[in-house]
Amino acid sequence: MDRISSSARLAAAQADLFIDPRRLDARLEELGRIGHDERGGRTRLALTSEDKDGRDLVVRWLQEAGARVCVDRIGNIYGVSEGRSDAPPIMTGSHIDTVARAGALDGCYGVLAGIEVLQVLRDRGLCPNRRIVVAAFTNEEGARFTPDLLGSRVIAKDISLEAALALAARDGAVIGDELRRIGYAGEMSPWELLPHAFVELHIEQGPILDAEQMPIGVVEGVQGHSWWRITIEGTANHAGTTPMRMRRDAGTAAMALALRLSEHARTHGIPDVATVGVMKLEPGSINVVPGRAEFTLDLRDPRDEALHAAEQFLAQALSELDASGLRSSSQQLSRHPAVVFDRQLCALIEAQAKELGLATRRMSSGASHDAQMMARLCPTAMIFVPSSKGISHNPREHTDASQLHAGANLLLRTVLRLASD
Ligand SMILES: [Zn+2]
């Protein structure tokens with residue numbers, strides 16, 4: 001078929017371009033069968049043989065969609081559909097590695113919807129101005145190798161390629177060796193296809209869109225996080241003989257502090273969410289007043305100011321605790337500032353959704369995504385579709401097929417629009 005090369009004709013054609021819903025459903029199911037277990041989950045940890053099988057399938061589908069497939073040195077897979085110019089491409093994509101016993105949609109949906117975009121171009125013989133690239137990034141989940149978002153992290157130079165290739169998993173496997181073993185140690189530079197813009201389509205993995213019956217979330221950014229380990233020292237003593245007024249109880253002090261921090265988040269929204277996920281009391285006996293308490297604190301907010309304010313509130317609460325006769329210490333385990341996506345790109349996604357008759361709401365992402373790394377390189381945004389009951393990283397992860405199709409059609413329009421400039 002002759003490739004139509006005028007952007008005017010592309011724009012005219014865009015009005016009736018849609019992905020093939022049955023093909024998308026079938027492919028999500030087929031990819032979801034790789035690494036599956038009888039209880040309904042699937043496990044394709046990064047760079048395992050199951051990941052290789054998933055990658056092989058994605059490569060085959062990219063080729064069927066007419067894309068030129070290349071693999072970079074950290075194993076990111078790219079399907080490139082040629083444009084009329086060599087201008088920096090428009091990139092979409094996500095990941096196909098999973099956590100243990102995952103659902104079928106996290107990451108895979110964004111990659112397979114991207115392949116649909118390329119397939120539509122091929123089927124309709126369309127050639128936009130810019131190349132369109134569909135990426136499947138290596139080790140997004142971080143379930144086998146730390147850090148997460150590894151493929152996009154290398155592109156964003158948050159970690160060097162050499163350091164990434166030398167990372168070892170707890171099972172002893174090293175990334176560089178595993179890439180060679182599964183045949184995905186590519187030769188391409190990770191910086192060869194730096195995009196003009198990046199759009200990632202993903203399930204929300206949270207309950208908001210589902211609760212509001214809203215088909216599309218336009219993601220304005222990824223919330224920042226601040227992780228802490230808090231330790232409180234008191235005096236361990238006999239639970240029967242030590243009067244309440246004479247105790248230095250590290251346990252109740254830790255519980256009171258944890259409650260105070262989460263109440264502050266609940267009533268003042270500082271920060272947006274605060275979680276105490278681990279608490280250990282020592283010596284850990286039914287008949288001993290705890291002499292030492294240690295707990296973790298996870299603070300998250302899409303606003304950097306609010307994250308700072310929450311950290312100050314924590315510091316203030318700790319100094320009050322010290323004044324009361326206990327001894328506290330805090331260690332920051334990890335901190336990521338909030339990521340703000342491109343405003344114009346968010347507006348473009350909204351406009352395209354409107355043309356498709358899809359209602360939207362602005363939101364921030366509670367989970368990490370490759371898009372937050374790509375945002376350092378080019379205008380970036382994300383499109384969310386609902387997750388039924390907000391369940392994810394679980395075999396029961398579900399999104400209605402019609403909502404998956406709507407999101408994929410919105411991705412198609414958004415990417416074509418970006419590529420025609
Ligand atoms: Zn994901």
# chains A, B, ... in the order shown; residues from 1 in each chain; ligands from 1
$ closest_atom_pairs --of "region 115-230 of chain A" --to "region 91-108 of chain A" --cutoff "8 Å" --atoms "only C-alpha atoms" --output "tab-separated table"
residue	atom	partner	partner_atom	distance
A:Ile132	CA	A:Met91	CA	5.9
A:Val133	CA	A:Met91	CA	4.6
A:Val134	CA	A:Gly93	CA	5.1
A:Ala135	CA	A:Gly93	CA	4.5
A:Ala136	CA	A:His95	CA	4.7
A:Phe137	CA	A:His95	CA	5.0
A:Thr138	CA	A:His95	CA	6.8
A:Asn139	CA	A:Asp97	CA	6.1
A:Glu140	CA	A:His95	CA	6.2
A:Glu141	CA	A:Thr98	CA	6.2
A:Ala143	CA	A:Val99	CA	5.6
A:Pro195	CA	A:Met91	CA	5.9
A:His196	CA	A:Met91	CA	7.7
A:Ala197	CA	A:Met91	CA	6.3
A:Phe198	CA	A:Met91	CA	4.8
A:Val199	CA	A:Thr92	CA	5.0
A:Glu200	CA	A:Thr92	CA	5.5
A:Leu201	CA	A:Gly93	CA	7.2
A:His202	CA	A:Gly107	CA	6.3
A:Ile203	CA	A:Asp106	CA	6.3
A:Gln205	CA	A:Asp106	CA	7.9
$ closest_atom_pairs --of "region 126-238 of chain A" --to "region 371-385 of chain A" --cutoff "12 Å" --atoms "only C-alpha atoms" --output "CSV"
residue,atom,partner,partner_atom,distance
A:Ala135,CA,A:Ala371,CA,11.3
A:Ala136,CA,A:Ala371,CA,11.9
A:Phe137,CA,A:Ala371,CA,10.5
A:Glu140,CA,A:Ala371,CA,10.6
A:Asp148,CA,A:Met373,CA,10.9
A:Leu149,CA,A:Met373,CA,7.7
A:Leu150,CA,A:Met373,CA,9.4
A:Gly151,CA,A:Met373,CA,9.4
A:Ser152,CA,A:Met373,CA,5.8
A:Arg153,CA,A:Met373,CA,5.8
A:Val154,CA,A:Met373,CA,8.9
A:Ile155,CA,A:Met374,CA,7.7
A:Ala156,CA,A:Met373,CA,5.8
A:Lys157,CA,A:Met373,CA,9.0
A:Asp158,CA,A:Met373,CA,8.1
A:Ile159,CA,A:Met373,CA,11.0
A:Trp191,CA,A:Leu377,CA,10.3
A:Leu193,CA,A:Leu377,CA,11.3
A:Leu194,CA,A:Leu377,CA,7.6
A:Pro195,CA,A:Cys378,CA,6.6
A:His196,CA,A:Cys378,CA,6.0
A:Ala197,CA,A:Pro379,CA,4.9
A:Phe198,CA,A:Thr380,CA,4.7
A:Val199,CA,A:Ala381,CA,5.2
A:Glu200,CA,A:Met382,CA,4.7
A:Leu201,CA,A:Ile383,CA,4.8
A:His202,CA,A:Phe384,CA,5.2
A:Ile203,CA,A:Val385,CA,5.0
A:Glu204,CA,A:Phe384,CA,5.1
A:Gln205,CA,A:Phe384,CA,8.9
A:Gly206,CA,A:Phe384,CA,10.0
A:Pro207,CA,A:Val385,CA,10.6
A:Ile208,CA,A:Val385,CA,10.1
A:Leu209,CA,A:Val385,CA,7.2
A:Asp210,CA,A:Val385,CA,8.6
A:Glu212,CA,A:Val385,CA,11.8
A:Gln213,CA,A:Val385,CA,10.3
A:Met214,CA,A:Val385,CA,8.3
A:Pro215,CA,A:Val385,CA,5.9
A:Ile216,CA,A:Val385,CA,5.1
A:Gly217,CA,A:Phe384,CA,4.6
A:Val218,CA,A:Ile383,CA,5.2
A:Val219,CA,A:Met382,CA,5.0
A:Glu220,CA,A:Ala381,CA,6.6
A:Gly221,CA,A:Ala381,CA,7.4
A:Val222,CA,A:Gln372,CA,6.8
A:Gln223,CA,A:Gln372,CA,9.8
A:Gly224,CA,A:Gln372,CA,10.5
$ residues_around --residues "Arg68 (chain A)" --least-positions-apart "6" --cutoff "9 Å" --atoms "only C-alpha atoms" --output "CSV table (one decimal) with all heavy atoms, in the first residue's frame"
chain,number,residue,atom,x,y,z
A,62,LEU,N,5.7,-6.6,17.3
A,62,LEU,CA,6.2,-5.4,16.7
A,62,LEU,C,6.5,-5.5,15.2
A,62,LEU,O,6.2,-4.7,14.4
A,62,LEU,CB,7.4,-4.9,17.5
A,62,LEU,CG,7.2,-4.3,18.9
A,62,LEU,CD1,8.5,-4.2,19.6
A,62,LEU,CD2,6.6,-2.9,18.7
A,78,TYR,N,12.8,-1.6,21.4
A,78,TYR,CA,12.1,-0.5,20.7
A,78,TYR,C,11.6,-1.0,19.4
A,78,TYR,O,12.3,-1.7,18.6
A,78,TYR,CB,13.1,0.6,20.4
A,78,TYR,CG,13.9,1.2,21.6
A,78,TYR,CD1,15.1,0.6,21.9
A,78,TYR,CD2,13.4,2.2,22.3
A,78,TYR,CE1,15.9,1.1,23.0
A,78,TYR,CE2,14.1,2.7,23.4
A,78,TYR,CZ,15.3,2.2,23.7
A,78,TYR,OH,16.0,2.6,24.8
A,79,GLY,N,10.3,-0.7,19.1
A,79,GLY,CA,9.8,-0.9,17.7
A,79,GLY,C,9.6,0.4,17.1
A,79,GLY,O,8.9,1.3,17.6
A,80,VAL,N,10.3,0.6,16.0
A,80,VAL,CA,10.3,1.9,15.3
A,80,VAL,C,9.5,1.9,14.1
A,80,VAL,O,9.8,1.1,13.2
A,80,VAL,CB,11.8,2.4,15.0
A,80,VAL,CG1,11.8,3.8,14.4
A,80,VAL,CG2,12.7,2.3,16.2
A,81,SER,N,8.6,2.8,14.0
A,81,SER,CA,7.8,3.0,12.7
A,81,SER,C,8.3,4.3,12.1
A,81,SER,O,8.3,5.3,12.7
A,81,SER,CB,6.3,3.1,13.1
A,81,SER,OG,5.7,3.8,12.2
A,82,GLU,N,8.8,4.2,10.8
A,82,GLU,CA,9.5,5.3,10.2
A,82,GLU,C,8.5,6.5,10.0
A,82,GLU,O,7.3,6.3,9.8
A,82,GLU,CB,10.1,4.9,8.9
A,82,GLU,CG,11.2,3.8,9.0
A,82,GLU,CD,12.3,4.2,10.0
A,82,GLU,OE1,12.6,5.5,10.2
A,82,GLU,OE2,12.9,3.3,10.7
$ residues_around --residues "region 166-177 of chain A" --least-positions-apart "4" --cutoff "7 Å" --atoms "only C-alpha atoms" --output "VMD selection string"
chain A and resid 144 to 145 162 181
$ closest_residue --among "A:His36, A:Ile115, A:Pro128, A:Tyr109" --to "ligand 1" --atoms "only C-alpha atoms and all ligand atoms"
A:Tyr109
$ atom_distance --atom1 "CA of Gly251 (chain A)" --atom2 "CA of Ser319 (chain A)"
17.0 Å
$ closest_residue --among "A:Arg229, A:Gly277, A:Gly142, A:Gln316" --to "ligand 1" --atoms "only C-alpha atoms and all ligand atoms"
A:Gly142
$ atom_distance --atom1 "CA of Glu178 (chain A)" --atom2 "CA of Pro147 (chain A)"
16.1 Å
$ select_by_dssp --residues "region 182-238 of chain A" --states "alpha helix (DSSP H)" --output "ChimeraX atom specification"
/A:208-212
$ write_last_selection --atoms "N, CA, C and O atoms" --output "short mmCIF file (atom, residue, chain, number, x, y, z; two decimals), in the first residue's frame"
data_model
loop_
_atom_site.label_atom_id
_atom_site.label_comp_id
_atom_site.auth_asym_id
_atom_site.auth_seq_id
_atom_site.Cartn_x
_atom_site.Cartn_y
_atom_site.Cartn_z
N ILE A 208 -9.21 5.45 42.48
CA ILE A 208 -9.91 6.73 42.28
C ILE A 208 -10.82 6.72 41.05
O ILE A 208 -12.02 7.04 41.13
N LEU A 209 -10.28 6.35 39.88
CA LEU A 209 -11.09 6.39 38.66
C LEU A 209 -12.27 5.42 38.77
O LEU A 209 -13.39 5.74 38.35
N ASP A 210 -12.04 4.25 39.31
CA ASP A 210 -13.10 3.25 39.45
C ASP A 210 -14.20 3.78 40.37
O ASP A 210 -15.39 3.68 40.06
N ALA A 211 -13.80 4.38 41.50
CA ALA A 211 -14.80 4.88 42.45
C ALA A 211 -15.62 6.01 41.84
O ALA A 211 -16.81 6.15 42.12
N GLU A 212 -14.98 6.83 40.99
CA GLU A 212 -15.69 7.97 40.39
C GLU A 212 -16.31 7.63 39.04
O GLU A 212 -16.87 8.49 38.38
#
